[in-house]
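*Asks:* Got a structure for you, data19.json, holding JSON, C-alpha atoms.
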```json
[["chain", "number", "residue", "atom", "x", "y", "z"],
["Z", 276, "ASP", "CA", -20.41, -101.44, 27.25],
["Z", 277, "ALA", "CA", -21.00, -101.44, 23.48],
["Z", 278, "GLY", "CA", -21.09, -97.66, 22.93],
["Z", 279, "ILE", "CA", -22.44, -97.08, 19.46],
["Z", 280, "THR", "CA", -23.07, -99.95, 17.08],
["Z", 281, "GLN", "CA", -24.20, -100.21, 13.47],
["Z", 282, "SER", "CA", -25.71, -103.07, 11.56],
["Z", 283, "PRO", "CA", -25.19, -104.54, 9.13],
["Z", 284, "ARG", "CA", -21.48, -103.79, 8.67],
["Z", 285, "TYR", "CA", -21.65, -104.72, 4.98],
["Z", 286, "LYS", "CA", -24.64, -104.77, 2.66],
["Z", 287, "ILE", "CA", -25.12, -105.39, -1.04],
["Z", 288, "THR", "CA", -28.51, -104.53, -2.48],
["Z", 289, "GLU", "CA", -30.07, -103.99, -5.87],
["Z", 290, "THR", "CA", -31.26, -100.74, -7.39],
["Z", 291, "GLY", "CA", -34.82, -99.96, -6.35],
["Z", 292, "ARG", "CA", -34.81, -102.00, -3.17],
["Z", 293, "GLN", "CA", -35.56, -100.55, 0.23],
["Z", 294, "VAL", "CA", -32.81, -101.00, 2.78],
["Z", 295, "THR", "CA", -32.54, -99.96, 6.41],
["Z", 296, "LEU", "CA", -29.32, -99.31, 8.27],
["Z", 297, "MET", "CA", -29.49, -99.60, 12.02],
["Z", 298, "CYS", "CA", -27.75, -97.52, 14.66],
["Z", 299, "HIS", "CA", -27.87, -98.12, 18.39],
["Z", 300, "GLN", "CA", -26.13, -96.26, 21.22],
["Z", 301, "THR", "CA", -25.95, -97.15, 24.88],
["Z", 302, "TRP", "CA", -24.99, -93.75, 26.31],
["Z", 303, "SER", "CA", -28.41, -92.07, 26.18],
["Z", 304, "HIS", "CA", -26.88, -89.26, 24.14],
["Z", 305, "SER", "CA", -29.52, -86.80, 23.02],
["Z", 306, "TYR", "CA", -28.04, -86.09, 19.58],
["Z", 307, "MET", "CA", -27.61, -88.65, 16.82],
["Z", 308, "PHE", "CA", -26.34, -88.20, 13.27],
["Z", 309, "TRP", "CA", -26.06, -90.04, 9.98],
["Z", 310, "TYR", "CA", -23.18, -89.27, 7.62],
["Z", 311, "ARG", "CA", -22.03, -90.71, 4.35],
["Z", 312, "GLN", "CA", -18.38, -90.77, 3.35],
["Z", 313, "ASP", "CA", -17.32, -90.75, -0.28],
["Z", 314, "LEU", "CA", -13.96, -90.23, -1.91],
["Z", 315, "GLY", "CA", -13.47, -86.61, -2.82],
["Z", 316, "HIS", "CA", -16.42, -85.42, -0.72],
["Z", 317, "GLY", "CA", -15.40, -86.23, 2.79],
["Z", 318, "LEU", "CA", -18.16, -86.74, 5.32],
["Z", 319, "ARG", "CA", -21.57, -85.28, 4.56],
["Z", 320, "LEU", "CA", -24.44, -85.05, 6.97],
["Z", 321, "ILE", "CA", -27.62, -86.81, 5.84],
["Z", 322, "TYR", "CA", -29.94, -86.36, 8.83],
["Z", 323, "TYR", "CA", -29.64, -85.61, 12.50],
["Z", 324, "SER", "CA", -31.80, -85.81, 15.57],
["Z", 325, "ALA", "CA", -31.70, -83.68, 18.69],
["Z", 326, "ALA", "CA", -33.93, -86.02, 20.72],
["Z", 327, "ALA", "CA", -36.53, -88.75, 20.32],
["Z", 328, "ASP", "CA", -39.17, -87.76, 17.76],
["Z", 329, "ILE", "CA", -37.12, -84.74, 16.62],
["Z", 330, "THR", "CA", -35.26, -85.07, 13.33],
["Z", 331, "ASP", "CA", -33.91, -82.61, 10.80],
["Z", 332, "LYS", "CA", -32.32, -82.67, 7.37],
["Z", 333, "GLY", "CA", -28.64, -82.33, 6.81],
["Z", 334, "GLU", "CA", -26.69, -81.55, 3.67],
["Z", 335, "VAL", "CA", -27.76, -84.54, 1.51],
["Z", 336, "PRO", "CA", -31.15, -85.87, 2.71],
["Z", 337, "ASP", "CA", -32.78, -86.75, -0.63],
["Z", 338, "GLY", "CA", -33.65, -90.44, -0.96],
["Z", 339, "TYR", "CA", -33.29, -91.12, 2.76],
["Z", 340, "VAL", "CA", -35.77, -91.38, 5.62],
["Z", 341, "VAL", "CA", -35.06, -91.47, 9.35],
["Z", 342, "SER", "CA", -37.04, -92.01, 12.49],
["Z", 343, "ARG", "CA", -36.26, -91.84, 16.17],
["Z", 344, "SER", "CA", -38.94, -93.33, 18.36],
["Z", 345, "LYS", "CA", -36.44, -94.24, 21.10],
["Z", 346, "THR", "CA", -33.43, -92.24, 22.27],
["Z", 347, "GLU", "CA", -31.04, -95.12, 21.67],
["Z", 348, "ASN", "CA", -32.00, -96.01, 18.10],
["Z", 349, "PHE", "CA", -31.73, -94.01, 14.90],
["Z", 350, "PRO", "CA", -32.41, -96.12, 11.78],
["Z", 351, "LEU", "CA", -31.70, -94.80, 8.29],
["Z", 352, "THR", "CA", -33.84, -96.07, 5.41],
["Z", 353, "LEU", "CA", -33.07, -95.81, 1.72],
["Z", 354, "GLU", "CA", -36.54, -95.86, 0.21],
["Z", 355, "SER", "CA", -35.48, -96.95, -3.28],
["Z", 356, "ALA", "CA", -31.74, -97.50, -3.44],
["Z", 357, "THR", "CA", -29.75, -95.99, -6.31],
["Z", 358, "ARG", "CA", -26.16, -96.62, -7.37],
["Z", 359, "SER", "CA", -25.25, -93.10, -6.25],
["Z", 360, "GLN", "CA", -26.04, -94.18, -2.70],
["Z", 361, "THR", "CA", -23.17, -96.65, -2.71],
["Z", 362, "SER", "CA", -21.08, -95.33, 0.14],
["Z", 363, "VAL", "CA", -19.86, -95.87, 3.66],
["Z", 364, "TYR", "CA", -22.43, -94.74, 6.20],
["Z", 365, "PHE", "CA", -21.49, -93.61, 9.69],
["Z", 366, "CYS", "CA", -23.75, -93.07, 12.62],
["Z", 367, "ALA", "CA", -22.64, -90.77, 15.45],
["Z", 368, "SER", "CA", -23.99, -89.57, 18.76],
["Z", 369, "SER", "CA", -23.17, -86.73, 21.09],
["Z", 370, "TYR", "CA", -24.19, -85.10, 24.32],
["Z", 371, "LEU", "CA", -24.47, -81.43, 24.90],
["Z", 372, "ALA", "CA", -21.53, -80.47, 27.07],
["Z", 373, "GLY", "CA", -22.03, -76.81, 27.67],
["Z", 374, "GLU", "CA", -24.38, -74.71, 25.62],
["Z", 375, "PHE", "CA", -22.52, -74.73, 22.33],
["Z", 376, "SER", "CA", -20.06, -77.55, 22.51],
["Z", 377, "TYR", "CA", -20.40, -81.26, 21.96],
["Z", 378, "GLU", "CA", -18.12, -84.10, 21.05],
["Z", 379, "GLN", "CA", -19.26, -86.68, 18.54],
["Z", 380, "TYR", "CA", -18.70, -90.42, 18.90],
["Z", 381, "PHE", "CA", -18.82, -92.60, 15.83],
["Z", 382, "GLY", "CA", -19.94, -96.11, 15.04],
["Z", 383, "PRO", "CA", -17.78, -98.46, 12.93],
["Z", 384, "GLY", "CA", -19.68, -97.74, 9.71],
["Z", 385, "THR", "CA", -21.76, -99.68, 7.21],
["Z", 386, "ARG", "CA", -20.36, -100.25, 3.76],
["Z", 387, "LEU", "CA", -23.31, -100.27, 1.34],
["Z", 388, "THR", "CA", -23.05, -101.30, -2.29],
["Z", 389, "VAL", "CA", -25.99, -100.78, -4.64],
["Z", 390, "THR", "CA", -25.77, -102.85, -7.83],
["J", 50, "LYS", "CA", -20.89, -71.10, 3.50],
["J", 51, "GLN", "CA", -18.35, -72.65, 5.86],
["J", 52, "GLU", "CA", -15.61, -74.65, 4.18],
["J", 53, "VAL", "CA", -12.82, -76.64, 5.79],
["J", 54, "THR", "CA", -9.54, -77.39, 4.02],
["J", 55, "GLN", "CA", -6.75, -79.69, 5.13],
["J", 56, "ILE", "CA", -3.22, -79.49, 3.82],
["J", 57, "PRO", "CA", -1.39, -81.62, 2.89],
["J", 58, "ALA", "CA", -3.69, -84.32, 1.56],
["J", 59, "ALA", "CA", -1.00, -86.92, 2.21],
["J", 60, "LEU", "CA", 2.18, -87.03, 4.22],
["J", 61, "SER", "CA", 4.90, -89.63, 4.63],
["J", 62, "VAL", "CA", 7.53, -89.26, 7.37],
["J", 63, "PRO", "CA", 10.16, -91.43, 9.05],
["J", 64, "GLU", "CA", 9.51, -92.69, 12.55],
["J", 65, "GLY", "CA", 10.49, -90.28, 15.31],
["J", 66, "GLU", "CA", 9.84, -87.11, 13.40],
["J", 67, "ASN", "CA", 7.71, -84.29, 14.80],
["J", 68, "LEU", "CA", 5.03, -83.21, 12.36],
["J", 69, "VAL", "CA", 2.28, -80.67, 11.85],
["J", 70, "LEU", "CA", -1.05, -81.14, 10.12],
["J", 71, "ASN", "CA", -2.96, -78.08, 9.01],
["J", 72, "CYS", "CA", -6.66, -77.24, 8.95],
["J", 73, "SER", "CA", -8.21, -73.99, 7.75],
["J", 74, "PHE", "CA", -11.80, -72.78, 7.79],
["J", 75, "THR", "CA", -13.43, -69.89, 5.98],
["J", 76, "ASP", "CA", -15.82, -68.51, 8.62],
["J", 77, "SER", "CA", -14.43, -67.69, 12.05],
["J", 78, "ALA", "CA", -17.88, -68.09, 13.62],
["J", 79, "ILE", "CA", -17.41, -71.56, 15.03],
["J", 80, "TYR", "CA", -18.40, -73.20, 18.30],
["J", 81, "ASN", "CA", -15.54, -75.64, 18.40],
["J", 82, "LEU", "CA", -13.09, -77.61, 16.31],
["J", 83, "GLN", "CA", -12.40, -81.31, 16.52],
["J", 84, "TRP", "CA", -9.58, -83.46, 15.28],
["J", 85, "PHE", "CA", -10.42, -87.09, 14.46],
["J", 86, "ARG", "CA", -8.43, -90.11, 13.48],
["J", 87, "GLN", "CA", -9.71, -92.72, 11.00],
["J", 88, "ASP", "CA", -8.02, -96.06, 10.47],
["J", 89, "PRO", "CA", -8.68, -97.91, 7.19],
["J", 90, "GLY", "CA", -12.07, -99.63, 7.23],
["J", 91, "LYS", "CA", -12.82, -98.32, 10.68],
["J", 92, "GLY", "CA", -14.89, -95.58, 12.25],
["J", 93, "LEU", "CA", -13.68, -92.22, 13.48],
["J", 94, "THR", "CA", -12.05, -91.63, 16.84],
["J", 95, "SER", "CA", -12.14, -88.19, 18.40],
["J", 96, "LEU", "CA", -8.65, -87.02, 19.34],
["J", 97, "LEU", "CA", -9.04, -83.48, 20.58],
["J", 98, "LEU", "CA", -11.82, -80.92, 20.85],
["J", 99, "ILE", "CA", -11.00, -77.22, 21.16],
["J", 100, "GLN", "CA", -13.74, -74.85, 22.28],
["J", 101, "SER", "CA", -13.98, -71.55, 20.42],
["J", 102, "SER", "CA", -12.73, -69.73, 23.52],
["J", 103, "GLN", "CA", -9.63, -71.91, 23.83],
["J", 104, "ARG", "CA", -6.27, -71.63, 22.11],
["J", 105, "GLU", "CA", -5.02, -75.20, 22.42],
["J", 106, "GLN", "CA", -5.59, -78.66, 23.77],
["J", 107, "THR", "CA", -3.11, -81.41, 24.55],
["J", 108, "SER", "CA", -3.41, -85.17, 24.85],
["J", 109, "GLY", "CA", -0.24, -87.19, 25.21],
["J", 110, "ARG", "CA", 1.94, -86.61, 22.15],
["J", 111, "LEU", "CA", -0.79, -84.60, 20.43],
["J", 112, "ASN", "CA", -1.25, -80.85, 20.65],
["J", 113, "ALA", "CA", -3.91, -78.95, 18.75],
["J", 114, "SER", "CA", -4.02, -75.18, 18.45],
["J", 115, "LEU", "CA", -6.77, -72.88, 17.30],
["J", 116, "ASP", "CA", -6.55, -69.36, 15.87],
["J", 117, "LYS", "CA", -10.13, -68.33, 15.12],
["J", 118, "SER", "CA", -9.24, -64.93, 13.74],
["J", 119, "SER", "CA", -7.07, -66.40, 11.01],
["J", 120, "GLY", "CA", -9.29, -69.46, 10.53],
["J", 121, "ARG", "CA", -6.57, -71.97, 11.28],
["J", 122, "SER", "CA", -5.86, -74.99, 13.43],
["J", 123, "THR", "CA", -2.79, -77.18, 13.60],
["J", 124, "LEU", "CA", -2.36, -80.68, 14.98],
["J", 125, "TYR", "CA", 1.16, -81.29, 16.23],
["J", 126, "ILE", "CA", 2.30, -84.89, 16.65],
["J", 127, "ALA", "CA", 5.50, -85.36, 18.59],
["J", 128, "ALA", "CA", 7.89, -88.25, 18.08],
["J", 129, "SER", "CA", 5.73, -89.97, 15.46],
["J", 130, "GLN", "CA", 5.32, -93.75, 15.51],
["J", 131, "PRO", "CA", 4.17, -96.26, 12.86],
["J", 132, "GLY", "CA", 0.98, -96.69, 14.89],
["J", 133, "ASP", "CA", 0.14, -93.06, 14.14],
["J", 134, "SER", "CA", -0.41, -93.97, 10.51],
["J", 135, "ALA", "CA", -4.03, -93.10, 9.71],
["J", 136, "THR", "CA", -6.15, -90.40, 8.15],
["J", 137, "TYR", "CA", -6.58, -87.31, 10.31],
["J", 138, "LEU", "CA", -9.77, -85.31, 9.88],
["J", 139, "CYS", "CA", -10.58, -81.83, 11.06],
["J", 140, "ALA", "CA", -14.15, -80.63, 11.61],
["J", 141, "VAL", "CA", -15.72, -77.42, 12.88],
["J", 142, "VAL", "CA", -19.12, -76.86, 14.44],
["J", 143, "ASP", "CA", -20.49, -74.02, 12.36],
["J", 144, "GLY", "CA", -21.60, -71.06, 14.45],
["J", 145, "ASN", "CA", -24.59, -70.33, 12.24],
["J", 146, "ASN", "CA", -26.26, -73.75, 12.14],
["J", 147, "ARG", "CA", -24.34, -75.87, 14.71],
["J", 148, "LYS", "CA", -23.58, -78.45, 12.06],
["J", 149, "LEU", "CA", -20.26, -80.24, 11.81],
["J", 150, "ILE", "CA", -18.37, -79.26, 8.66],
["J", 151, "TRP", "CA", -15.58, -81.61, 7.64],
["J", 152, "GLY", "CA", -12.28, -81.36, 5.86],
["J", 153, "LEU", "CA", -11.20, -84.13, 3.47],
["J", 154, "GLY", "CA", -8.40, -85.26, 5.77],
["J", 155, "THR", "CA", -4.66, -85.79, 5.70],
["J", 156, "SER", "CA", -3.45, -89.33, 5.11],
["J", 157, "LEU", "CA", -0.38, -89.90, 7.28],
["J", 158, "ALA", "CA", 2.14, -92.69, 6.85],
["J", 159, "VAL", "CA", 4.89, -93.06, 9.45],
["J", 160, "ASN", "CA", 7.62, -95.34, 8.16],
["J", 161, "PRO", "CA", 9.70, -97.54, 10.50]]
```
Could you write out this file's structure as structure tokens?
*Replies:*
Amino acid sequence: DAGITQSPRYKITETGRQVTLMCHQTWSHSYMFWYRQDLGHGLRLIYYSAAADITDKGEVPDGYVVSRSKTENFPLTLESATRSQTSVYFCASSYLAGEFSYEQYFGPGTRLTVT
Amino acid sequence: KQEVTQIPAALSVPEGENLVLNCSFTDSAIYNLQWFRQDPGKGLTSLLLIQSSQREQTSGRLNASLDKSSGRSTLYIAASQPGDSATYLCAVVDGNNRKLIWGLGTSLAVNP
């Protein structure tokens, strides 16, 4: 029972390159989220998805693209990486427990460095 | 705009002490509040979730309270242990957009 996994765990890429971070969950949770965590900013929501083929922007979506063709996968793509996208990226998933409440479960994170 | 603040930013205590971590939020329109734990280089682990209609939740040595009207939550840790050393994050589900708004966390060190 893997839960929620992210790959790669560490990635170094060059400015201008495209890079995709993978997220996979085994619970069939309807909601999935991508966050970035930076010193002094805490966690910020990049994109989220309420179900397969339904995605929406979060607080800091510029420069990122997401897709969700299957419930269990939610890849995040940096179209043309910039140094400002150096960060730790967390994927999370949740189920809707009651109309307005849900608990989020997090993956281990991907540490991305853009040189 | 909902904002979440955690005080103190860092805390160091001797083993065995009872301690309180604070979380405040600016808009009382929330769906719930969660406390998370983050170990260095690791992901986040959910500790407690308090629904907006609840006043507190307990799990083992942890007790979290919620006062929506004053925009405050506290996480009480009883009989602290070195294994409790981590960063504790508070987050609220905003009532207007259902998004999770995070505090910056309290870094806790429990010294043997």
*Asks:* Should the cut-off be 7 Å, what would the residue list for chain Z against chain J look like, counting only C-alpha atoms, as an NGL selection string?
*Replies:* :Z and (316-318 or 375-376 or 380-384)
*Asks:* Could you tell me which of J:Gln103, J:Gln130, J:Ser118, J:Thr155 comes closest to Val62 in chain J if we count only C-alpha atoms?
*Replies:*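 The closest residue to Val62 in chain J is J:Gln130.
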*Asks:* Looking at all atoms listed in the file, which of Z:Cys366, Z:Ile321, Z:Leu351, Z:Val389 is the one that sits closest to Gly291 in chain Z?
*Replies:*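 Closest candidate: Z:Val389.
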*Asks:* Which distance in Å separates CA of Tyr364 in chain Z and CA of Thr385 in chain Z, to one decimal?
*Replies:*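 Answer for the CA of Tyr364 in chain Z to CA of Thr385 in chain Z separation: 5.1 Å.
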*Asks:* Let me make sure I understand: among Z:Gln293, Z:Ser282, Z:Thr330, Z:Gln379, which one has the smallest atom-to-atom distance to Thr357 in chain Z if we use all atoms listed in the file?
*Replies:*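 Checking each candidate against Thr357 in chain Z, we get Z:Gln293 as the closest.
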*Asks:* Counting all atoms listed in the file, note down every residue that has an atom within 6 Å of the point (-8.7, -66.0, 13.1) (file coordinates), as a list in words.
*Replies:*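 The residues that fall inside the cut-off are Asp116, Lys117, Ser118, Ser119 and Gly120 of chain J.
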*Asks:* For Tyr125 in chain J, work out the shell of residues within 10 Å, counting only C-alpha atoms and skipping chain neighbours fewer than 3 positions away, then give it as a PyMOL selection string.
*Replies:* chain J and resi 67-71+107+110-114+122+128-129
*Asks:* Please determine an axis-aligned box that encloses all atoms of range 50-55 of chain J listed in the file, with 8 Å added on each side, and express its centre and edge lengths in Å to one decimal as lines of an AutoDock Vina configuration file.
*Replies:*
```
center_x = -13.8
center_y = -75.4
center_z = 4.7
size_x = 30.1
size_y = 24.6
size_z = 18.4
```
*Asks:* My list of candidates is Z:Tyr323, Z:Tyr339, Z:Tyr285, Z:Phe365. Which is closest to Tyr310 in chain Z when distances are computed with all atoms listed in the file?
*Replies:*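 Looking only at the distances to Tyr310 in chain Z, the closest residue turns out to be Z:Phe365.
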*Asks:* Just how far from CA of Gly333 in chain Z is CA of Arg358 in chain Z, in Å to one decimal?
*Replies:*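 Distance between the two atoms: 20.3 Å.
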*Asks:* What's the separation between CA of Arg121 in chain J and CA of Ala135 in chain J, in Å to one decimal place?
*Replies:*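 Computing it gives 21.3 Å between the two atoms.
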*Asks:* How about completing range 80-93 of chain J with N, CA, C and O atoms and giving it to me as an mmCIF file, in the frame of the given file?
*Replies:*
```cif
data_model
loop_
_atom_site.group_PDB
_atom_site.id
_atom_site.type_symbol
_atom_site.label_atom_id
_atom_site.label_comp_id
_atom_site.auth_asym_id
_atom_site.auth_seq_id
_atom_site.Cartn_x
_atom_site.Cartn_y
_atom_site.Cartn_z
ATOM 1 N N TYR J 80 -18.235 -72.881 16.893
ATOM 2 C CA TYR J 80 -18.400 -73.200 18.300
ATOM 3 C C TYR J 80 -17.213 -73.983 18.821
ATOM 4 O O TYR J 80 -16.763 -73.799 19.940
ATOM 5 N N ASN J 81 -16.737 -74.905 18.015
ATOM 6 C CA ASN J 81 -15.540 -75.640 18.400
ATOM 7 C C ASN J 81 -14.941 -76.296 17.181
ATOM 8 O O ASN J 81 -15.502 -76.240 16.074
ATOM 9 N N LEU J 82 -13.792 -76.887 17.375
ATOM 10 C CA LEU J 82 -13.090 -77.610 16.310
ATOM 11 C C LEU J 82 -12.622 -78.930 16.874
ATOM 12 O O LEU J 82 -12.138 -79.007 18.005
ATOM 13 N N GLN J 83 -12.804 -79.981 16.088
ATOM 14 C CA GLN J 83 -12.400 -81.310 16.520
ATOM 15 C C GLN J 83 -11.408 -81.904 15.542
ATOM 16 O O GLN J 83 -11.559 -81.734 14.316
ATOM 17 N N TRP J 84 -10.465 -82.632 16.087
ATOM 18 C CA TRP J 84 -9.580 -83.460 15.280
ATOM 19 C C TRP J 84 -9.956 -84.929 15.525
ATOM 20 O O TRP J 84 -10.118 -85.354 16.670
ATOM 21 N N PHE J 85 -10.070 -85.676 14.411
ATOM 22 C CA PHE J 85 -10.420 -87.090 14.460
ATOM 23 C C PHE J 85 -9.326 -87.902 13.785
ATOM 24 O O PHE J 85 -8.603 -87.422 12.915
ATOM 25 N N ARG J 86 -9.291 -89.162 14.145
ATOM 26 C CA ARG J 86 -8.430 -90.110 13.480
ATOM 27 C C ARG J 86 -9.307 -91.197 12.869
ATOM 28 O O ARG J 86 -10.271 -91.664 13.506
ATOM 29 N N GLN J 87 -8.982 -91.630 11.647
ATOM 30 C CA GLN J 87 -9.710 -92.720 11.000
ATOM 31 C C GLN J 87 -8.715 -93.740 10.475
ATOM 32 O O GLN J 87 -7.869 -93.434 9.641
ATOM 33 N N ASP J 88 -8.828 -94.966 10.972
ATOM 34 C CA ASP J 88 -8.020 -96.060 10.470
ATOM 35 C C ASP J 88 -8.754 -96.729 9.316
ATOM 36 O O ASP J 88 -9.993 -96.738 9.281
ATOM 37 N N PRO J 89 -8.043 -97.325 8.367
ATOM 38 C CA PRO J 89 -8.680 -97.910 7.190
ATOM 39 C C PRO J 89 -9.786 -98.893 7.551
ATOM 40 O O PRO J 89 -9.582 -99.797 8.372
ATOM 41 N N GLY J 90 -10.957 -98.725 6.981
ATOM 42 C CA GLY J 90 -12.070 -99.630 7.230
ATOM 43 C C GLY J 90 -12.697 -99.489 8.598
ATOM 44 O O GLY J 90 -13.538 -100.314 8.987
ATOM 45 N N LYS J 91 -12.302 -98.481 9.317
ATOM 46 C CA LYS J 91 -12.820 -98.320 10.680
ATOM 47 C C LYS J 91 -13.595 -97.003 10.799
ATOM 48 O O LYS J 91 -13.626 -96.178 9.885
ATOM 49 N N GLY J 92 -14.183 -96.819 11.967
ATOM 50 C CA GLY J 92 -14.890 -95.580 12.250
ATOM 51 C C GLY J 92 -13.924 -94.468 12.604
ATOM 52 O O GLY J 92 -12.718 -94.587 12.437
ATOM 53 N N LEU J 93 -14.486 -93.388 13.130
ATOM 54 C CA LEU J 93 -13.680 -92.220 13.480
ATOM 55 C C LEU J 93 -13.524 -92.152 15.003
ATOM 56 O O LEU J 93 -14.479 -92.377 15.738
#
```
